[in-house]
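Single-structure report; data block below.
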Amino acid sequence: MSEHIPWEDIATARGRIVPFAHRTPVHTSRLLDAACGSAVFLKCENLQRTGSFKFRGATNAVAALCSPGDPRYATARSRSVVADSSGNHAQALALAACLHQVKATIVMPENANPAKVKATRGYGADIVFCPPTHEGRRAAVERLVEDADAAYVSPHDDPFVIAGQATAACELMEDVPNLDVILAPLGGGGLLSGTLLAARHMRPKVRVIGCEPTGADDAARSLRSGERITDFVPHTVADGLRTPLGRLPFEILRQQALDEIFLVSEDEILAALRFVWERAKLVIEPSAAVAVAPLLFGKLAASGLRVGVILSGGNVDFGPFFATLQGAS
């Protein structure tokens, strides 16, 4: 296991989140199986509370924060948390904080999905907007942490968050024995690094593959060069994957020898999104479709394999869709 996150921390996370998080179902689709020639198992984190896997990590982090005497959160007495997020971590931390009676303030980029902004406010968090850059986020977070004496809960660089995200893969491997491959989206890296840690402990022979948009391929470039890229401007419809690869996930993916990264184009992401909506009848967001696209476009030699796919979330702004329908009526 990782020197940063031992297996015991993942096991503890599972116990912490049980009272709050759903054990999400695993769905199958004969049409998807036929399209890629393999048996595909979709872990539906789009059906998780707040609509994404992020609720797992946020809940574990806030629960740890509230644990009396835990030395890893020096600001536990403040009963206040701060995070930066384009949407899903924002919603997850807002609800986790609410459930634990902790105040949450979220830094969100100015171009954040309006539906995710509305949902975050709906869960009771305060929102501070910032420029849509890594530096803009960091500056806003530093001001808030200093002014409010709050605990910062990173969407991907917090060991408690990563341990919580790992629980999705744990459930998948328990529910579907003998998987050959697990595909997961790759943005900040919390989900993928947690998935990799879980797989290396539970099913060491399972290949773990990250899936990343070509317009936000900093992780692939970082792992290839050995130096983490932090300052870039992403261009992808997968808004949940626009954040740079985190420092801790970068270290874990290198240490645990991630098997591969598949890059997918914007057209491939949208095609996968439409396929899942129309054929599997599951509402997922573009970031989740990034992990389906490699199957549909032959990037993985999947014939005869048992493939697990973590559908990371399902938070979609349907406002424009319904506006189009109303305009046509």
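We label chains A, B, ... in the order they appear in the structure tokens, count residues from 1 in each chain, and number ligands from 1 in the order shown.
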
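By chain and then residue number, the residues within 8 Å of Val264 (chain A) are Cys211, Glu212, Pro213, Thr214, Ile269, Val290, Ala293 and Pro294 of chain A, counting only C-alpha atoms and disregarding those fewer than 5 positions away in sequence.
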
Give me a file of those residues, with N, CA and C atoms, as a short mmCIF file (atom, residue, chain, number, x, y, z; two decimals), in the first residue's frame.
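What follows is the written file result.cif:
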```cif
data_model
loop_
_atom_site.label_atom_id
_atom_site.label_comp_id
_atom_site.auth_asym_id
_atom_site.auth_seq_id
_atom_site.Cartn_x
_atom_site.Cartn_y
_atom_site.Cartn_z
N CYS A 211 -8.63 7.85 -17.44
CA CYS A 211 -9.20 8.35 -18.70
C CYS A 211 -9.27 9.88 -18.60
N GLU A 212 -8.69 10.55 -19.58
CA GLU A 212 -8.50 11.99 -19.49
C GLU A 212 -8.82 12.67 -20.83
N PRO A 213 -9.43 13.84 -20.80
CA PRO A 213 -9.68 14.57 -22.06
C PRO A 213 -8.37 15.05 -22.68
N THR A 214 -8.32 15.04 -24.00
CA THR A 214 -7.12 15.57 -24.67
C THR A 214 -6.95 17.05 -24.40
N ILE A 269 -16.04 12.12 -26.19
CA ILE A 269 -16.73 12.32 -24.92
C ILE A 269 -18.23 12.51 -25.15
N VAL A 290 -16.12 10.33 -19.99
CA VAL A 290 -14.71 10.20 -20.35
C VAL A 290 -14.21 8.78 -20.08
N ALA A 293 -15.79 6.41 -23.01
CA ALA A 293 -15.33 6.63 -24.39
C ALA A 293 -14.24 5.65 -24.85
N PRO A 294 -13.26 5.29 -24.01
CA PRO A 294 -12.23 4.36 -24.50
C PRO A 294 -12.78 3.01 -24.93
#
```

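For Pro234 (chain A), the set of protein, DNA and RNA residues having any atom at most 10 Å away, when counting only C-alpha atoms and skipping those fewer than 4 positions along the same chain, is Pro132, Thr133, Pro213, Thr214, Gly215, Ala216, Asp217, Asp218, Ala238, Asp239, Leu241, Arg242, Thr243 and Pro244 of chain A.
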
Okay, now the selection with N, CA and C atoms, as a CSV table (one decimal), in the first residue's frame?
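To be explicit, this is the file written out as selection.csv:
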```csv
chain,number,residue,atom,x,y,z
A,132,PRO,N,-10.9,31.5,-13.2
A,132,PRO,CA,-10.8,30.1,-13.5
A,132,PRO,C,-9.4,29.6,-13.7
A,133,THR,N,-8.5,29.8,-12.8
A,133,THR,CA,-7.1,29.4,-12.9
A,133,THR,C,-6.7,28.8,-11.6
A,213,PRO,N,-9.4,13.8,-20.8
A,213,PRO,CA,-9.7,14.6,-22.1
A,213,PRO,C,-8.4,15.0,-22.7
A,214,THR,N,-8.3,15.0,-24.0
A,214,THR,CA,-7.1,15.6,-24.7
A,214,THR,C,-7.0,17.1,-24.4
A,215,GLY,N,-8.1,17.8,-24.1
A,215,GLY,CA,-8.0,19.2,-23.9
A,215,GLY,C,-7.6,19.5,-22.4
A,216,ALA,N,-7.4,18.5,-21.6
A,216,ALA,CA,-7.0,18.7,-20.2
A,216,ALA,C,-6.1,17.5,-19.8
A,217,ASP,N,-5.0,17.3,-20.6
A,217,ASP,CA,-4.2,16.1,-20.5
A,217,ASP,C,-3.0,16.4,-19.6
A,218,ASP,N,-3.1,17.2,-18.6
A,218,ASP,CA,-1.9,17.5,-17.8
A,218,ASP,C,-1.4,16.3,-17.0
A,238,ALA,N,-15.8,18.4,-20.2
A,238,ALA,CA,-15.8,17.7,-19.0
A,238,ALA,C,-15.4,18.6,-17.8
A,239,ASP,N,-16.3,19.4,-17.4
A,239,ASP,CA,-15.9,20.5,-16.4
A,239,ASP,C,-15.3,20.0,-15.1
A,241,LEU,N,-13.2,17.7,-14.8
A,241,LEU,CA,-11.8,17.3,-15.0
A,241,LEU,C,-10.9,18.4,-15.4
A,242,ARG,N,-11.3,19.6,-15.2
A,242,ARG,CA,-10.5,20.8,-15.6
A,242,ARG,C,-9.4,21.1,-14.6
A,243,THR,N,-9.4,20.5,-13.4
A,243,THR,CA,-8.4,20.9,-12.4
A,243,THR,C,-7.1,20.1,-12.6
A,244,PRO,N,-6.0,20.7,-12.2
A,244,PRO,CA,-4.7,20.0,-12.4
A,244,PRO,C,-4.6,18.8,-11.5
```

Query raised in the report: Out of A:Pro286, A:Gly51, A:Gly210, A:Gly188, which residue has the shortest atom-to-atom distance to Lys116 (chain A) when counting only C-alpha atoms?
Result: A:Gly51

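Residues in contact with region 194-207 of chain A at 6 Å, where only C-alpha atoms are counted and same-chain residues fewer than 6 positions away are skipped, are listed as Ile162, Gln165, Ala166, Ala169, Asp180 and Val181 of chain A.
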
Write out as a PDB file with N, CA and C atoms, in the first residue's frame which residues come within 6 Å of region 142-156 of chain A when counting only C-alpha atoms, dropping same-chain ones fewer than 6 positions away.
```pdb
ATOM      1  N   THR A  75      -7.333  22.576  13.069  1.00  0.00           N
ATOM      2  CA  THR A  75      -8.380  23.600  13.171  1.00  0.00           C
ATOM      3  C   THR A  75      -9.743  23.001  13.458  1.00  0.00           C
ATOM      4  N   SER A  80     -15.386  24.793  10.931  1.00  0.00           N
ATOM      5  CA  SER A  80     -15.560  25.470   9.650  1.00  0.00           C
ATOM      6  C   SER A  80     -14.618  24.857   8.632  1.00  0.00           C
ATOM      7  N   VAL A  81     -15.116  24.646   7.406  1.00  0.00           N
ATOM      8  CA  VAL A  81     -14.284  24.078   6.352  1.00  0.00           C
ATOM      9  C   VAL A  81     -14.335  24.964   5.112  1.00  0.00           C
ATOM     10  N   VAL A  82     -13.248  24.934   4.355  1.00  0.00           N
ATOM     11  CA  VAL A  82     -13.123  25.678   3.100  1.00  0.00           C
ATOM     12  C   VAL A  82     -12.629  24.712   2.034  1.00  0.00           C
ATOM     13  N   ALA A  83     -13.119  24.875   0.811  1.00  0.00           N
ATOM     14  CA  ALA A  83     -12.640  24.061  -0.308  1.00  0.00           C
ATOM     15  C   ALA A  83     -12.732  24.867  -1.590  1.00  0.00           C
ATOM     16  N   HIS A  89     -17.231  18.492  -5.847  1.00  0.00           N
ATOM     17  CA  HIS A  89     -16.674  18.515  -4.490  1.00  0.00           C
ATOM     18  C   HIS A  89     -17.371  19.593  -3.673  1.00  0.00           C
ATOM     19  N   GLY A 188      -8.340  15.860 -10.969  1.00  0.00           N
ATOM     20  CA  GLY A 188      -7.442  16.099  -9.847  1.00  0.00           C
ATOM     21  C   GLY A 188      -6.776  14.838  -9.349  1.00  0.00           C
ATOM     22  N   GLY A 190      -8.125  12.331  -7.316  1.00  0.00           N
ATOM     23  CA  GLY A 190      -8.566  11.706  -6.074  1.00  0.00           C
ATOM     24  C   GLY A 190      -9.248  10.372  -6.289  1.00  0.00           C
ATOM     25  N   GLY A 246      -3.482  16.572  -8.657  1.00  0.00           N
ATOM     26  CA  GLY A 246      -3.004  16.954  -7.340  1.00  0.00           C
ATOM     27  C   GLY A 246      -1.639  16.372  -7.011  1.00  0.00           C
TER      28      GLY A 246
END
```

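Atom pair CA of Phe129 (chain A) / CA of Val107 (chain A) has a distance of 5.6 Å (rounded to one decimal).
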
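Every residue of region 233-328 of chain A found in strand (DSSP E or B) when DSSP is run on the backbone appears here: Glu260, Ile261, Phe262, Leu263, Val264, Arg306, Val307, Gly308, Val309, Ile310, Leu311 and Gly313 of chain A.
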
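Here the residues within region 181-254 of chain A that DSSP labels alpha helix (DSSP H) on the basis of the backbone are Gly190, Leu191, Leu192, Ser193, Gly194, Thr195, Leu196, Leu197, Ala198, Ala199, Arg200, His201, Met202, Asp218, Ala219, Ala220, Arg221, Ser222, Leu223, Arg224, Ser225, Arg247, Leu248, Pro249, Phe250, Glu251, Ile252, Leu253 and Arg254 of chain A.
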
What lies within 8 Å of Leu172 (chain A) using only C-alpha atoms, ignoring chain neighbours under 3 positions off, as a PDB file with C-alpha atoms, in the first residue's frame?
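Generated file (result30.pdb):
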```pdb
ATOM      1  CA  VAL A  26     -23.704  -1.628 -10.593  1.00  0.00           C
ATOM      2  CA  LYS A  43     -20.504   1.615 -10.955  1.00  0.00           C
ATOM      3  CA  ALA A 168     -16.335   3.194  -4.576  1.00  0.00           C
ATOM      4  CA  ALA A 169     -13.805   0.804  -6.112  1.00  0.00           C
ATOM      5  CA  ASP A 175     -20.010  -6.749  -6.152  1.00  0.00           C
ATOM      6  CA  VAL A 176     -18.305  -7.872  -9.373  1.00  0.00           C
ATOM      7  CA  GLY A 308     -15.484  -2.048 -14.466  1.00  0.00           C
TER       8      GLY A 308
END
```
